[in-house]
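Student: Let me begin by handing over the structure; questions about it come next.
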Amino acid sequence: MPNQLIHESSPYLLQHAHNPVNWMPWNETTLAKAQQENKLLLISIGYSACHWCHVMEHESFENEEVAQLMNQHFINIKIDREERPDIDMVYMGAVQLMTGQGGWPLNCFALPNGKPIYGGTYFPKQQWMQILKNLAELFQTNPQKVYDYAEQLTQGLAQLEMPNVLETEQNFDEDLLQQSVQKWKLRFDKEDGGTNRAPKFPMPNNYLFLLYYQYFYKDSELQNHLQLTLTKMAYGGIYDQIGGGFARYSTDMLWKVPHFEKMLYDNAQLISLYTQAYKQIPNQLYKDIVYDSIEFVKQELLNSAGGFYSALDADSEGVEGKFYVWKKEELQTLIPQYYHVFGDYYNVNNLGYWEEDNYILMRQEDDDEIAARHHISLDELSDIIKQSKLILLAHRNKRVKPGLDNKIITSWNALMIKALCEAYLVFDEDAFKQLAVSNTEYLCLHCLREDGSLLHLASTQKMVSGFLEDYAFTIDAFIHVYLVTANLSYLYQAKRMCDYAIQHFYEEAMQTFFYTDASKEKLIVRKAEWSDNVIPASSSQMALNLYQLSIYFNEPSYLQISKNLLHKVLKEIVHYGAGYSNWSILLLWLTQASTEVVITGNESLTFLKSIYKQAPPHVVFAISTTESDLPLLKNRYNKTQTQVYVCKNKACQLPTSQIDEVIKHLN
């Protein structure tokens, strides 16, 4: 018989609907049941593309003996961390406090009132059963000890990650950034790029900051590291060489063996990173990565209405990576005329060998080296690789595909919208713009509510209120859609969402944005998100949004909130820049002369694309094809010609229609 998860919409929860464990969803009814029966909560959190979540399910949650123990002593709650990141944030923090580490699957035991008492990540079956027995016995024989510990832990949890504010005001100056980058360099892998340890996560926001920093502070060591990292990631097995798109991370130092799940948020941010890298260093490889990754997202994660799904699983037919790897004989049979060159190009050799006669396709050399070794031209090599990939992709598409997580998450879609807008501005590919606008309209229809609030999921079945990340990234996305359409309504909607976020997420007394809406469901603690991770912190993105919107709308209060937030993390930026890279971008902008480019007239979009490709990364653009009361645009429209105003530190040059002159002023 199915358990209560059978009524859920999340693919991850539905995966557990036929477990013998009596799983329940997180809701008021479930929590009330725990109180009534005075049973400990067992809160188990994961997501559909999580490999070790599948392993623990198979070993323990599908086992009748384990299920009997869990059902007898606990109220068992299954949570999709992508559906409820607020709950995950609370109990991940608790597990990190208790064990010093975290990850998924996340298993946290809590009192009936929700306060945590014990937890960890993956547990083998026998260890798991012993933990179940020990905790059940402890709660029955010495409940006061359990309650006392839970109270102490919850108090510690409330303070977790609150930054150590500087005792005195400190200027936002370049010395802080330079100190941060110098410490950061000590962790560079100078052979294969990225950090000097495994596993290796792409961490796109890290490299976006370093790319921007390098623009202003020319540093050959940093530039070499950036180009090495971007190339090695693109050449590695972490990148799907046949179908495009990146896996979450590499398990080794070479970017070779990934955990094969593909996430929308990774690919959106990496598209942005490679787009901005191409803008500074026009390398064809970067452009190819952008185009192929967008094509992957379009083919595999786009629904018919314009929304983007969340993820593809690592496993197919119960085997990790089976969909993506190849046997040598298989390649020789499918592309006999091309195999000699293709096998060399993608290292079907000792380097590319993985396990059980399977090879992971990865590159090591540039095209000119391969072409020279095989005595063919670059055009011939390109044609061989192109034809081979078409044949192999068609064959691969006949395999059993990895599972699809069809949740449509507002914040992740917003990241993709921004990426598409940036790609349109750099590569002038109209299809990118159309895809961004279509996705924006989808979010407006399914996730944006009349009062300016957002839903976290585009779902008619489960109404999950938006979290700060949804507002932060959607505001950023709408600013970018305004730029590529010249439709000011998107910019005004971004301001409306920003005002909602200030009202419902910001605590002025603490100068802190909390992750959850004060008017919605209350958890045991209200958490704030400060450090940037694989996705930037929602607080740091809000600070960047406020900086930009303060310029668009001449709102000094926005800028003050932004600076107050940044001031709280200055110590952390200096100490550990990699964990505060989005904050570092804001600090970088504040150390530069404030620069705006205002473009008005019928040809504004054409002018914008030409200027954007050559402009410094910190420039704030405002465009309009009509008269506007927006402070940056007011009284600047000229219906007879397109004009550009370059303003630095609130002083503007005379308008010009010469793009070369604009670039000269900017640089």
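In the structure tokens, each chain is lettered A, B, ... as it comes, each chain's residues begin at 1, and ligands are numbered from 1 in order of appearance.
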Residues near Lys609 of chain A, anyone? I mean within 9 Å using only C-alpha atoms, not counting same-chain ones fewer than 4 positions away, as a list in words.

Tutor: Tyr424, Leu425, Val426, Phe427, Asp428, Val484, Ser604, Leu605 and Lys613 of chain A

Student: For Tyr212 of chain A, work out the shell of residues within 9 Å, counting only C-alpha atoms and skipping chain neighbours fewer than 5 positions away, then give it as a list in words.

Tutor: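 Within the cut-off, the hits are Tyr207, Tyr217, Gln276, Ile585, Leu588, Pro616, Pro617 and His618 of chain A.
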
Student: Excluding segment 184-188 of chain A and residues on its chain fewer than 4 positions from it, collect all residues at most 9 Å away from it, counting only C-alpha atoms, and give them as a tab-separated table (two decimals) with C-alpha atoms, in the first residue's frame.

Tutor:
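The resulting file, around-v8.tsv, is reproduced below:
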chain	number	residue	atom	x	y	z
A	179	GLN	CA	43.88	40.85	0.41
A	180	SER	CA	41.03	38.46	-0.32
A	193	GLY	CA	42.23	24.71	-12.66
A	194	GLY	CA	39.68	25.14	-9.94
A	195	THR	CA	40.62	24.52	-6.32
A	196	ASN	CA	43.49	22.30	-5.19
A	197	ARG	CA	41.25	19.61	-3.72
A	221	GLU	CA	48.46	34.86	-12.66
A	222	LEU	CA	44.74	35.33	-12.19
A	225	HIS	CA	44.06	30.56	-13.75
A	575	HIS	CA	39.25	35.89	5.26
A	576	TYR	CA	37.51	33.63	2.75
A	577	GLY	CA	36.62	35.30	-0.55
A	578	ALA	CA	35.50	32.07	-2.20

Student: For each of A:Thr333, A:Leu415, A:Ile45, A:Asn487, take the minimum atom-to-atom distance to Pro85 of chain A, counting only C-alpha atoms, then give the residue where this is smallest.

Tutor: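 Checking each of A:Thr333, A:Leu415, A:Ile45, A:Asn487 against Pro85 of chain A, counting only C-alpha atoms, the winner is A:Ile45.
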
Student: Using DSSP on the backbone, list every residue of segment 137-250 of chain A that comes out as strand (DSSP E or B), and give them as a PyMOL selection string.

Tutor: chain A and resi 188+195+200+239+246+249-250

Student: What does the distance between atom CA of Thr229 of chain A and atom CA of Asp344 of chain A come to in Å, to one decimal place?

Tutor: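 So the two atoms, atom CA of Thr229 of chain A and atom CA of Asp344 of chain A, lie 22.0 Å apart.
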
Student: For Ala234 of chain A, work out the shell of residues within 12 Å, counting only C-alpha atoms and skipping chain neighbours fewer than 5 positions away, then give it as a count of residues only.

Tutor: 36

Student: As JSON, numbers by chain, please: every residue in segment 38-287 of chain A that a backbone DSSP assignment puts in helix (DSSP H, G or I).

Tutor: {"A": [51, 52, 53, 54, 55, 56, 57, 58, 59, 60, 61, 64, 65, 66, 67, 68, 69, 70, 71, 72, 73, 85, 86, 87, 88, 89, 90, 91, 92, 93, 94, 95, 96, 97, 98, 99, 125, 126, 127, 128, 129, 130, 131, 132, 133, 134, 135, 136, 137, 138, 139, 140, 141, 143, 144, 145, 146, 147, 148, 149, 150, 151, 152, 153, 154, 155, 156, 157, 158, 159, 174, 175, 176, 177, 178, 179, 180, 181, 182, 183, 184, 185, 204, 205, 206, 207, 208, 209, 210, 211, 212, 213, 214, 215, 216, 220, 221, 222, 223, 224, 225, 226, 227, 228, 229, 230, 231, 232, 233, 234, 235, 264, 265, 266, 267, 268, 269, 270, 271, 272, 273, 274, 275, 276, 277, 278, 279, 280, 284, 285, 286, 287]}

Student: Extract, using only C-alpha atoms, all DNA, RNA and protein residues at most 9 Å from Trp52 of chain A, discarding same-chain residues fewer than 2 positions from it, and format them as a list of chain:residue names.

Tutor: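 Answer for this query is A:Cys50, A:His54, A:Val55, A:Met56, A:Glu57, A:Trp104, A:Pro105, A:Tyr122.
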
Student: Might you pull out every residue within 10 Å of Phe478 of chain A, with only C-alpha atoms counted and same-chain residues fewer than 3 positions away left off, and present them as a list in words?

Tutor: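 Skipping anything fewer than 3 positions along the chain leaves Ala414, Ile417, Lys418, Cys421, Ala436, Val437, Thr440, Phe473, Thr474, Ile475, Val481, Tyr482, Leu483, Val484, Leu488, Ser489, Tyr490, Leu491, Tyr492, Gln493, Ala494, Lys495 and Met497 of chain A.
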
Student: Selected residues, C-alpha atoms, written as a CSV table (one decimal), in the first residue's frame, please.

Tutor:
chain,number,residue,atom,x,y,z
A,414,ALA,CA,15.1,33.3,-12.9
A,417,ILE,CA,16.4,34.0,-17.7
A,418,LYS,CA,19.3,36.2,-16.7
A,421,CYS,CA,19.5,37.7,-21.6
A,436,ALA,CA,14.0,34.5,-21.9
A,437,VAL,CA,10.9,36.5,-22.6
A,440,THR,CA,9.5,35.4,-18.0
A,473,PHE,CA,17.0,36.2,-8.5
A,474,THR,CA,13.7,37.1,-10.1
A,475,ILE,CA,14.4,40.8,-9.5
A,481,VAL,CA,14.6,41.3,-19.4
A,482,TYR,CA,13.9,45.0,-19.2
A,483,LEU,CA,17.3,45.6,-20.9
A,484,VAL,CA,16.7,43.2,-23.8
A,488,LEU,CA,10.0,49.4,-18.5
A,489,SER,CA,7.2,47.4,-16.9
A,490,TYR,CA,9.7,44.7,-16.1
A,491,LEU,CA,11.9,47.2,-14.3
A,492,TYR,CA,8.9,48.6,-12.3
A,493,GLN,CA,7.9,45.0,-11.4
A,494,ALA,CA,11.4,44.4,-10.2
A,495,LYS,CA,11.0,47.4,-7.9
A,497,MET,CA,9.1,42.8,-5.8
